[in-house]
file work_20.txt (compact mmCIF, C-alpha atoms and all ligand atoms)
# COMPACT_ATOMS: atom_id res chain seq x y z
CA MET A 1 77.56 155.38 120.04
CA THR A 2 77.60 151.62 119.87
CA ASP A 3 79.55 149.24 122.00
CA ALA A 4 82.11 146.92 120.50
CA PRO A 5 81.26 143.25 120.85
CA ARG A 6 82.37 141.97 124.22
CA PHE A 7 84.84 139.11 124.40
CA ARG A 8 85.93 137.05 127.34
CA PRO A 9 88.56 139.02 129.29
CA SER A 10 91.01 136.11 129.14
CA LEU A 11 91.30 136.61 125.37
CA LEU A 12 93.17 139.85 126.01
CA GLU A 13 96.07 137.73 127.20
CA VAL A 14 96.08 135.44 124.18
CA PRO A 15 99.02 136.36 121.97
CA GLY A 16 98.50 136.27 118.23
CA TYR A 17 99.99 132.88 117.39
CA ARG A 18 103.26 133.48 115.57
CA ALA A 19 103.51 130.76 112.99
CA GLY A 20 106.90 129.98 111.55
CA LYS A 21 107.67 132.61 108.95
CA ARG A 22 107.75 131.67 105.29
CA PRO A 23 111.21 132.39 103.96
CA GLU A 24 111.06 135.31 101.60
CA ARG A 25 111.90 134.80 97.99
CA ARG A 26 115.44 136.05 97.73
CA ASP A 27 117.06 137.74 94.79
CA ASP A 28 120.62 137.15 95.99
CA GLY A 29 120.73 133.54 94.77
CA ILE A 30 120.90 132.05 98.29
CA GLU A 31 118.49 129.15 98.66
CA ALA A 32 116.40 129.75 101.76
CA PHE A 33 115.36 127.03 104.22
CA LYS A 34 112.47 127.23 106.67
CA VAL A 35 113.68 125.34 109.72
CA SER A 36 111.34 127.01 112.19
CA SER A 37 108.23 124.80 112.34
CA ASN A 38 109.57 121.25 112.70
CA GLU A 39 108.04 120.21 109.42
CA ASN A 40 109.18 117.17 107.51
CA PRO A 41 111.41 118.25 104.61
CA TYR A 42 110.29 115.40 102.36
CA PRO A 43 107.38 115.77 99.93
CA PRO A 44 104.47 113.32 100.28
CA LEU A 45 105.17 109.72 99.21
CA PRO A 46 104.02 108.96 95.63
CA ASN A 47 101.27 106.63 96.84
CA VAL A 48 99.97 109.22 99.28
CA LEU A 49 99.90 111.83 96.53
CA LYS A 50 98.00 109.44 94.29
CA VAL A 51 95.35 108.91 96.97
CA ILE A 52 95.07 112.66 97.59
CA GLU A 53 94.49 113.24 93.88
CA ALA A 54 91.92 110.46 93.71
CA VAL A 55 89.81 111.67 96.65
CA ALA A 56 89.99 115.27 95.45
CA HIS A 57 87.11 114.25 93.19
CA GLU A 58 84.92 113.57 96.24
CA VAL A 59 85.17 116.88 98.05
CA ASN A 60 81.63 117.86 97.16
CA ARG A 61 80.67 115.35 99.89
CA TYR A 62 81.18 115.76 103.64
CA PRO A 63 83.85 113.53 105.11
CA ASP A 64 82.90 110.50 107.21
CA PRO A 65 82.12 112.29 110.51
CA GLY A 66 83.24 109.25 112.47
CA SER A 67 86.51 108.86 110.54
CA VAL A 68 85.76 105.14 110.86
CA GLU A 69 88.31 103.84 108.37
CA LEU A 70 91.07 106.11 109.62
CA ILE A 71 90.37 105.23 113.23
CA ALA A 72 90.44 101.52 112.35
CA ALA A 73 93.79 102.01 110.58
CA ILE A 74 95.28 103.90 113.54
CA ALA A 75 93.95 101.34 116.02
CA ALA A 76 95.51 98.51 114.01
CA HIS A 77 98.76 100.45 113.67
CA VAL A 78 99.22 101.11 117.37
CA GLY A 79 97.52 97.92 118.57
CA VAL A 80 94.54 99.27 120.52
CA PRO A 81 90.75 98.86 120.16
CA ALA A 82 89.05 101.39 117.86
CA ASP A 83 87.09 102.91 120.75
CA HIS A 84 90.41 103.96 122.29
CA VAL A 85 91.15 106.32 119.36
CA ALA A 86 89.94 109.84 118.56
CA VAL A 87 91.08 111.93 115.61
CA GLY A 88 91.15 115.69 115.27
CA THR A 89 92.23 118.46 112.93
CA GLY A 90 95.81 118.24 114.10
CA ALA A 91 96.99 117.35 117.59
CA VAL A 92 96.54 121.02 118.46
CA ALA A 93 92.79 120.69 117.95
CA LEU A 94 92.82 117.73 120.31
CA CYS A 95 94.64 119.88 122.89
CA TYR A 96 91.73 122.35 122.69
CA GLN A 97 89.28 119.45 122.96
CA PHE A 98 91.00 118.17 126.09
CA ALA A 99 90.75 121.65 127.61
CA HIS A 100 87.10 122.12 126.62
CA ALA A 101 86.28 118.69 127.97
CA THR A 102 88.00 119.19 131.33
CA ALA A 103 88.53 122.82 132.28
CA GLY A 104 86.79 126.17 132.48
CA PRO A 105 86.90 129.39 134.49
CA GLY A 106 88.41 128.79 137.93
CA ASP A 107 90.21 125.64 136.85
CA GLU A 108 93.90 125.17 136.23
CA VAL A 109 95.76 123.66 133.29
CA LEU A 110 99.30 122.66 134.21
CA PHE A 111 102.29 122.28 131.90
CA ALA A 112 106.05 122.59 131.86
CA TRP A 113 107.65 125.74 130.58
CA ARG A 114 109.14 126.27 128.18
CA SER A 115 107.13 123.76 126.24
CA PHE A 116 104.70 123.71 123.31
CA GLU A 117 103.50 127.25 122.60
CA ALA A 118 99.90 126.14 122.18
CA TYR A 119 99.44 125.01 125.81
CA PRO A 120 99.11 128.45 127.45
CA ILE A 121 96.84 129.60 124.63
CA VAL A 122 94.64 126.52 124.96
CA ALA A 123 94.34 127.17 128.70
CA LEU A 124 93.38 130.82 128.19
CA VAL A 125 90.84 130.14 125.46
CA SER A 126 89.11 127.55 127.65
CA GLY A 127 88.82 130.22 130.34
CA ALA A 128 91.06 128.28 132.71
CA THR A 129 94.31 129.47 134.27
CA GLY A 130 97.54 128.15 132.79
CA VAL A 131 100.12 127.15 135.38
CA ARG A 132 103.71 126.93 134.13
CA VAL A 133 106.32 124.83 135.91
CA PRO A 134 109.91 125.61 134.89
CA LEU A 135 111.95 122.95 133.12
CA THR A 136 115.18 121.82 134.73
CA ALA A 137 118.37 123.60 133.62
CA ASP A 138 118.95 120.90 131.01
CA GLY A 139 115.52 121.33 129.45
CA ARG A 140 113.76 118.37 131.06
CA HIS A 141 110.34 118.20 132.67
CA ASP A 142 110.57 118.57 136.46
CA LEU A 143 107.72 116.18 137.14
CA ASP A 144 108.14 116.26 140.92
CA ALA A 145 107.73 120.04 140.83
CA MET A 146 104.74 119.66 138.52
CA ALA A 147 103.11 117.14 140.85
CA SER A 148 103.57 119.55 143.75
CA GLU A 149 101.75 122.27 141.76
CA VAL A 150 98.62 120.14 141.46
CA THR A 151 95.75 121.72 143.41
CA PRO A 152 92.06 120.83 143.75
CA ARG A 153 91.52 123.19 140.79
CA THR A 154 93.89 121.31 138.46
CA ARG A 155 91.87 119.60 135.74
CA LEU A 156 94.36 119.00 132.93
CA ILE A 157 98.12 118.44 132.68
CA PHE A 158 100.18 118.45 129.49
CA VAL A 159 103.42 116.46 129.50
CA CYS A 160 105.40 116.87 126.29
CA SER A 161 107.81 114.04 125.41
CA PRO A 162 110.04 114.71 123.53
CA ASN A 163 109.62 118.28 124.71
CA ASN A 164 109.15 121.04 122.18
CA PRO A 165 111.49 123.02 122.07
CA THR A 166 114.22 121.39 124.19
CA GLY A 167 114.06 117.84 122.77
CA ALA A 168 114.24 115.84 126.02
CA VAL A 169 112.01 112.86 126.71
CA VAL A 170 110.27 112.00 129.96
CA THR A 171 111.49 108.60 131.13
CA GLN A 172 109.17 105.71 131.98
CA ALA A 173 110.32 105.82 135.62
CA GLU A 174 109.55 109.56 135.78
CA LEU A 175 106.11 109.13 134.23
CA ASP A 176 105.23 106.19 136.52
CA ARG A 177 106.22 108.17 139.58
CA PHE A 178 104.30 111.21 138.35
CA MET A 179 101.14 109.22 137.67
CA SER A 180 101.32 107.78 141.17
CA MET A 181 101.31 111.33 142.60
CA VAL A 182 98.60 112.87 140.41
CA PRO A 183 94.99 112.32 141.56
CA SER A 184 93.22 109.85 139.28
CA ASP A 185 90.49 112.37 138.41
CA VAL A 186 92.98 114.77 136.80
CA MET A 187 93.45 114.26 133.06
CA VAL A 188 97.08 113.89 131.98
CA VAL A 189 97.95 114.22 128.28
CA LEU A 190 101.27 112.79 127.16
CA ASP A 191 102.02 114.76 123.99
CA GLU A 192 104.08 112.46 121.77
CA ALA A 193 104.06 114.65 118.66
CA TYR A 194 107.73 113.75 118.07
CA ILE A 195 107.91 110.25 119.55
CA GLU A 196 108.71 108.61 116.19
CA PHE A 197 112.08 110.41 116.27
CA SER A 198 113.03 109.20 119.76
CA ARG A 199 115.74 106.59 120.10
CA ALA A 200 115.95 106.80 123.89
CA ASP A 201 115.63 103.36 125.50
CA ASP A 202 114.20 104.83 128.69
CA ALA A 203 111.58 107.09 127.04
CA ALA A 204 108.10 106.77 128.55
CA ASP A 205 105.96 104.38 126.51
CA GLY A 206 102.65 106.17 126.28
CA LEU A 207 100.82 103.28 124.65
CA ALA A 208 101.79 100.92 127.45
CA SER A 209 101.16 103.52 130.15
CA TYR A 210 97.65 104.68 129.20
CA ARG A 211 96.41 101.14 129.76
CA ARG A 212 97.37 101.42 133.42
CA HIS A 213 95.76 104.84 133.98
CA GLU A 214 92.30 105.83 132.82
CA ASN A 215 93.33 109.48 133.30
CA LEU A 216 96.30 109.25 130.93
CA ALA A 217 95.94 109.82 127.19
CA VAL A 218 98.53 109.87 124.43
CA LEU A 219 98.58 112.52 121.73
CA ARG A 220 100.13 111.91 118.30
CA THR A 221 100.15 113.65 114.95
CA PHE A 222 100.59 113.06 111.24
CA SER A 223 102.22 116.49 110.92
CA LYS A 224 105.80 115.69 111.84
CA ALA A 225 107.15 112.18 111.15
CA TYR A 226 104.38 111.49 108.61
CA GLY A 227 104.89 114.77 106.77
CA LEU A 228 101.22 115.76 106.47
CA ALA A 229 101.33 119.08 108.36
CA GLY A 230 99.31 120.82 105.66
CA LEU A 231 96.40 118.39 105.98
CA ARG A 232 95.78 118.84 109.74
CA VAL A 233 95.25 115.44 111.28
CA GLY A 234 96.26 114.09 114.66
CA TYR A 235 94.99 111.47 117.08
CA ALA A 236 94.59 110.66 120.73
CA ILE A 237 94.76 107.25 122.38
CA GLY A 238 92.92 106.83 125.64
CA ALA A 239 90.28 104.97 127.61
CA PRO A 240 86.80 104.93 125.98
CA ILE A 241 85.48 107.44 128.52
CA VAL A 242 88.23 109.87 127.47
CA ILE A 243 87.64 109.29 123.77
CA GLU A 244 83.93 109.94 124.24
CA ALA A 245 84.66 113.31 125.88
CA LEU A 246 86.99 114.23 123.02
CA ASN A 247 84.39 113.32 120.43
CA LYS A 248 81.80 115.49 122.18
CA THR A 249 84.09 118.52 121.98
CA GLY A 250 85.37 117.98 118.43
CA LEU A 251 84.43 120.01 115.40
CA PRO A 252 81.80 118.06 113.41
CA PHE A 253 83.24 116.81 110.09
CA GLY A 254 86.55 118.35 111.12
CA VAL A 255 89.03 115.92 109.58
CA SER A 256 88.67 116.39 105.83
CA VAL A 257 88.08 113.76 103.17
CA ILE A 258 91.62 114.32 101.91
CA ALA A 259 93.22 114.25 105.36
CA GLN A 260 91.48 110.99 106.26
CA ALA A 261 92.53 109.29 103.02
CA ALA A 262 96.12 110.59 103.13
CA ALA A 263 96.57 109.51 106.74
CA ILE A 264 95.30 106.00 105.93
CA ALA A 265 97.67 105.81 102.95
CA SER A 266 100.56 107.02 105.11
CA LEU A 267 99.97 104.29 107.66
CA ALA A 268 99.98 101.76 104.82
CA ASP A 269 103.35 103.15 103.67
CA HIS A 270 104.70 103.15 107.18
CA GLU A 271 107.92 101.32 106.33
CA GLU A 272 108.86 103.82 103.65
CA LEU A 273 108.23 106.65 106.05
CA ARG A 274 110.33 104.96 108.70
CA VAL A 275 113.35 105.14 106.40
CA ARG A 276 112.88 108.90 106.16
CA VAL A 277 112.55 109.24 109.92
CA ASP A 278 115.73 107.17 110.36
CA ASP A 279 117.53 109.53 107.97
CA LEU A 280 116.41 112.53 109.98
CA VAL A 281 117.60 110.86 113.19
CA THR A 282 121.00 110.25 111.56
CA GLU A 283 121.08 113.88 110.48
CA ARG A 284 120.16 115.03 113.98
CA ARG A 285 123.12 113.13 115.41
CA ARG A 286 125.42 114.55 112.75
CA VAL A 287 124.28 118.13 113.41
CA ILE A 288 124.58 117.83 117.19
CA ALA A 289 128.06 116.31 116.93
CA ALA A 290 129.22 118.98 114.47
CA LEU A 291 127.86 121.88 116.51
CA ARG A 292 129.39 120.51 119.69
CA GLY A 293 132.65 119.91 117.85
CA ASP A 294 132.64 123.63 117.15
CA GLY A 295 132.09 124.37 120.82
CA ALA A 296 128.42 125.37 120.59
CA GLU A 297 126.06 124.43 123.40
CA VAL A 298 123.33 122.13 122.06
CA PHE A 299 120.90 120.06 124.11
CA GLU A 300 120.55 116.35 123.46
CA SER A 301 117.42 115.86 121.36
CA GLU A 302 115.08 112.95 120.67
CA ALA A 303 113.01 114.99 118.22
CA ASN A 304 113.41 116.42 114.70
CA PHE A 305 114.86 119.68 116.02
CA VAL A 306 117.69 120.92 118.20
CA TRP A 307 117.73 123.56 120.91
CA LEU A 308 120.59 126.01 121.30
CA PRO A 309 120.37 127.97 124.55
CA MET A 310 121.75 131.29 123.31
CA ALA A 311 120.33 133.53 126.03
CA GLN A 312 120.95 137.19 125.15
CA ALA A 313 122.52 136.30 121.79
CA THR A 314 119.30 134.65 120.57
CA HIS A 315 117.80 137.58 118.70
CA ALA A 316 121.07 138.51 117.01
CA PHE A 317 121.61 134.92 115.95
CA ALA A 318 118.12 134.63 114.47
CA GLU A 319 118.69 137.76 112.37
CA TYR A 320 122.11 136.53 111.32
CA ALA A 321 120.65 133.15 110.33
CA GLU A 322 117.80 134.80 108.40
CA ALA A 323 120.28 136.83 106.38
CA ALA A 324 122.11 133.58 105.61
CA GLY A 325 118.90 131.95 104.35
CA LEU A 326 117.82 130.09 107.48
CA THR A 327 114.52 130.87 109.17
CA VAL A 328 114.82 129.53 112.73
CA ARG A 329 112.46 129.76 115.68
CA ALA A 330 113.81 132.25 118.20
CA PHE A 331 112.66 132.66 121.79
CA PRO A 332 114.36 135.96 122.64
CA GLY A 333 116.48 135.81 125.78
CA GLU A 334 116.26 132.00 125.83
CA GLY A 335 117.41 130.24 122.72
CA VAL A 336 116.66 129.01 119.22
CA ARG A 337 114.94 125.88 118.01
CA ILE A 338 116.18 124.63 114.66
CA THR A 339 114.43 121.89 112.70
CA ILE A 340 116.50 119.02 111.32
CA ALA A 341 115.71 119.06 107.62
CA GLU A 342 117.37 117.96 104.36
CA ALA A 343 121.18 117.54 104.55
CA GLN A 344 121.78 120.74 102.63
CA ALA A 345 119.79 122.78 105.15
CA ASN A 346 121.53 121.03 108.03
CA ASP A 347 124.93 121.84 106.51
CA ARG A 348 123.86 125.47 106.38
CA VAL A 349 122.89 125.32 110.06
CA ILE A 350 126.32 124.00 111.01
CA GLU A 351 128.01 126.66 108.87
CA VAL A 352 125.90 129.54 110.17
CA VAL A 353 126.30 128.65 113.86
CA ARG A 354 130.04 128.30 113.29
CA SER A 355 130.45 131.64 111.55
CA PHE A 356 128.17 133.42 114.04
CA ARG A 357 130.30 132.19 116.92
CA VAL A 358 133.56 133.14 115.24
CA GLY A 359 132.01 136.56 114.66
C1 LIG B 401 103.62 120.16 116.20
C2 LIG B 401 103.14 119.77 117.55
C3 LIG B 401 101.87 119.24 117.75
C4 LIG B 401 100.85 118.98 116.73
O1 LIG B 401 100.64 119.63 115.71
P1 LIG B 401 99.43 119.37 114.72
O2 LIG B 401 100.02 119.82 113.44
O3 LIG B 401 98.32 120.22 115.21
O4 LIG B 401 99.10 117.92 114.73
C5 LIG B 401 101.48 118.86 119.01
N1 LIG B 401 102.31 118.98 120.04
C6 LIG B 401 103.53 119.47 119.89
C7 LIG B 401 104.41 119.53 121.07
C8 LIG B 401 103.98 119.90 118.66
O5 LIG B 401 105.20 120.43 118.53
call {"tool": "encode", "arguments": {"input": "work_20.txt", "output": "structure tokens"}}
result
Amino acid sequence: MTDAPRFRPSLLEVPGYRAGKRPERRDDGIEAFKVSSNENPYPPLPNVLKVIEAVAHEVNRYPDPGSVELIAAIAAHVGVPADHVAVGTGAVALCYQFAHATAGPGDEVLFAWRSFEAYPIVALVSGATGVRVPLTADGRHDLDAMASEVTPRTRLIFVCSPNNPTGAVVTQAELDRFMSMVPSDVMVVLDEAYIEFSRADDAADGLASYRRHENLAVLRTFSKAYGLAGLRVGYAIGAPIVIEALNKTGLPFGVSVIAQAAAIASLADHEELRVRVDDLVTERRRVIAALRGDGAEVFESEANFVWLPMAQATHAFAEYAEAAGLTVRAFPGEGVRITIAEAQANDRVIEVVRSFRVG
């Protein structure tokens, strides 16, 4: 008899990551929409596609391991020195890098809950203990409660603004107060995956804030506002000492030739992309107003999705929506997160929530 390979015990607790389902091809003529993964509904810009096609001819070569051109483009875009920028294969990879760089067995990784599904998994895989601090009733980070959960074992804290899945931002005043309470040797990651969609005047400004705190880094992605989810590229902004730690824990040659080139082209076409983001923000407002007009409970959102706290009705709603051609993200017993997509999909969302409530 042979023994099975032995894995770290903490892996037993790691759930298989449930990616947003692909809508099935339907034969009933109903066009299906996948509004479960907060993707951008728009196809790549023509110029970005052109660049992708052009660099496809170079994939026999490894990518630039330093992503020098992309890092320079990001640094110029956000207005920071190049040694304050790290890139990774999606912001999720950078979350893993933060954990590998800071935490291990016996350490704690702190985050709000419910928040981004990757955080507890990242904590477990690093061997650390994930500590979840409940959101407030209106889906906001309770940063005072989070600060009070900091122990000598806390090595890493994720703060998600706007929060996935509830849509609320952390305000600048809240972040400032929080940073004044957290020990300066504890790494804080402000996850701004959706910040381009925020129109809140009081939202924490990560780029301004990281300059005041060496232990604060900002996380961004090309997957959402920039519409490059399939290419896997994200970035972190932080002090050089933080960036160095991220680079040591990154996958060598991780960000592909195509991802680097497409991200650079997307930054160059920033204005065109901004128009699309503005459209999605307009659509978000329209959807929230319509759903509320129908009496549905919807949280305010600064992201490209909305959160409907449906409690025990969540599972039934998700099935009902699926049958009506809408794949939503359901958190049974809690609520559903629905991505703001093209107007036609959003109209369907309004219709389906309305008819579900009428019964
Ligand atoms: C989508 C998302 C990310 C990043 O995704 P990548 O595709 O890996 O860049 C990071 N944080 C949150 C909260 C997200 O929802």
call {"tool": "residues_around", "arguments": {"input": "work_20.txt", "residues": "Pro120 in chain A", "least_positions_apart": "3", "cutoff": "9 Å", "atoms": "only C-alpha atoms", "output": "VMD selection string"}}
result
chain A and resid 14 109 to 111 116 to 117 123 to 125 129 to 132
call {"tool": "residues_near_ligand", "arguments": {"input": "work_20.txt", "ligand": "ligand LIG 401 (chain B)", "cutoff": "9 Å", "atoms": "all atoms listed in the file", "output": "PyMOL selection string"}}
result
chain A and resi 37-39+88-95+115-119+160-165+191-194+219-224+228-235
call {"tool": "atom_distance", "arguments": {"input": "work_20.txt", "atom1": "CA of Val328 in chain A", "atom2": "CA of His315 in chain A"}}
result
10.5 Å
call {"tool": "closest_residue", "arguments": {"input": "work_20.txt", "among": "A:Tyr42, A:Phe33, A:Phe305, A:Phe317", "to": "Val352 in chain A", "atoms": "all atoms listed in the file"}}
result
A:Phe317
call {"tool": "residues_around", "arguments": {"input": "work_20.txt", "residues": "Ile340 in chain A", "least_positions_apart": "4", "cutoff": "9 Å", "atoms": "all atoms listed in the file", "output": "number ranges by chain"}}
result
A: 35, 38-41, 280-281, 283-284, 287, 303-306, 345-346
call {"tool": "residues_near_point", "arguments": {"input": "work_20.txt", "point": "(120.6, 128.4, 124.4)", "cutoff": "9 Å", "atoms": "all atoms listed in the file", "output": "PyMOL selection string"}}
result
chain A and resi 297-299+307-314+333-337
call {"tool": "closest_residue", "arguments": {"input": "work_20.txt", "among": "A:Glu271, A:Glu302, A:Asp278, A:Asp201", "to": "Thr166 in chain A", "atoms": "all atoms listed in the file"}}
result
A:Glu302
call {"tool": "closest_residue", "arguments": {"input": "work_20.txt", "among": "A:Ala204, A:Ile52, A:Ile350, A:Leu267", "to": "Ala173 in chain A", "atoms": "only C-alpha atoms"}}
result
A:Ala204
call {"tool": "atom_distance", "arguments": {"input": "work_20.txt", "atom1": "CA of Thr102 in chain A", "atom2": "CA of Asn247 in chain A"}}
result
12.9 Å
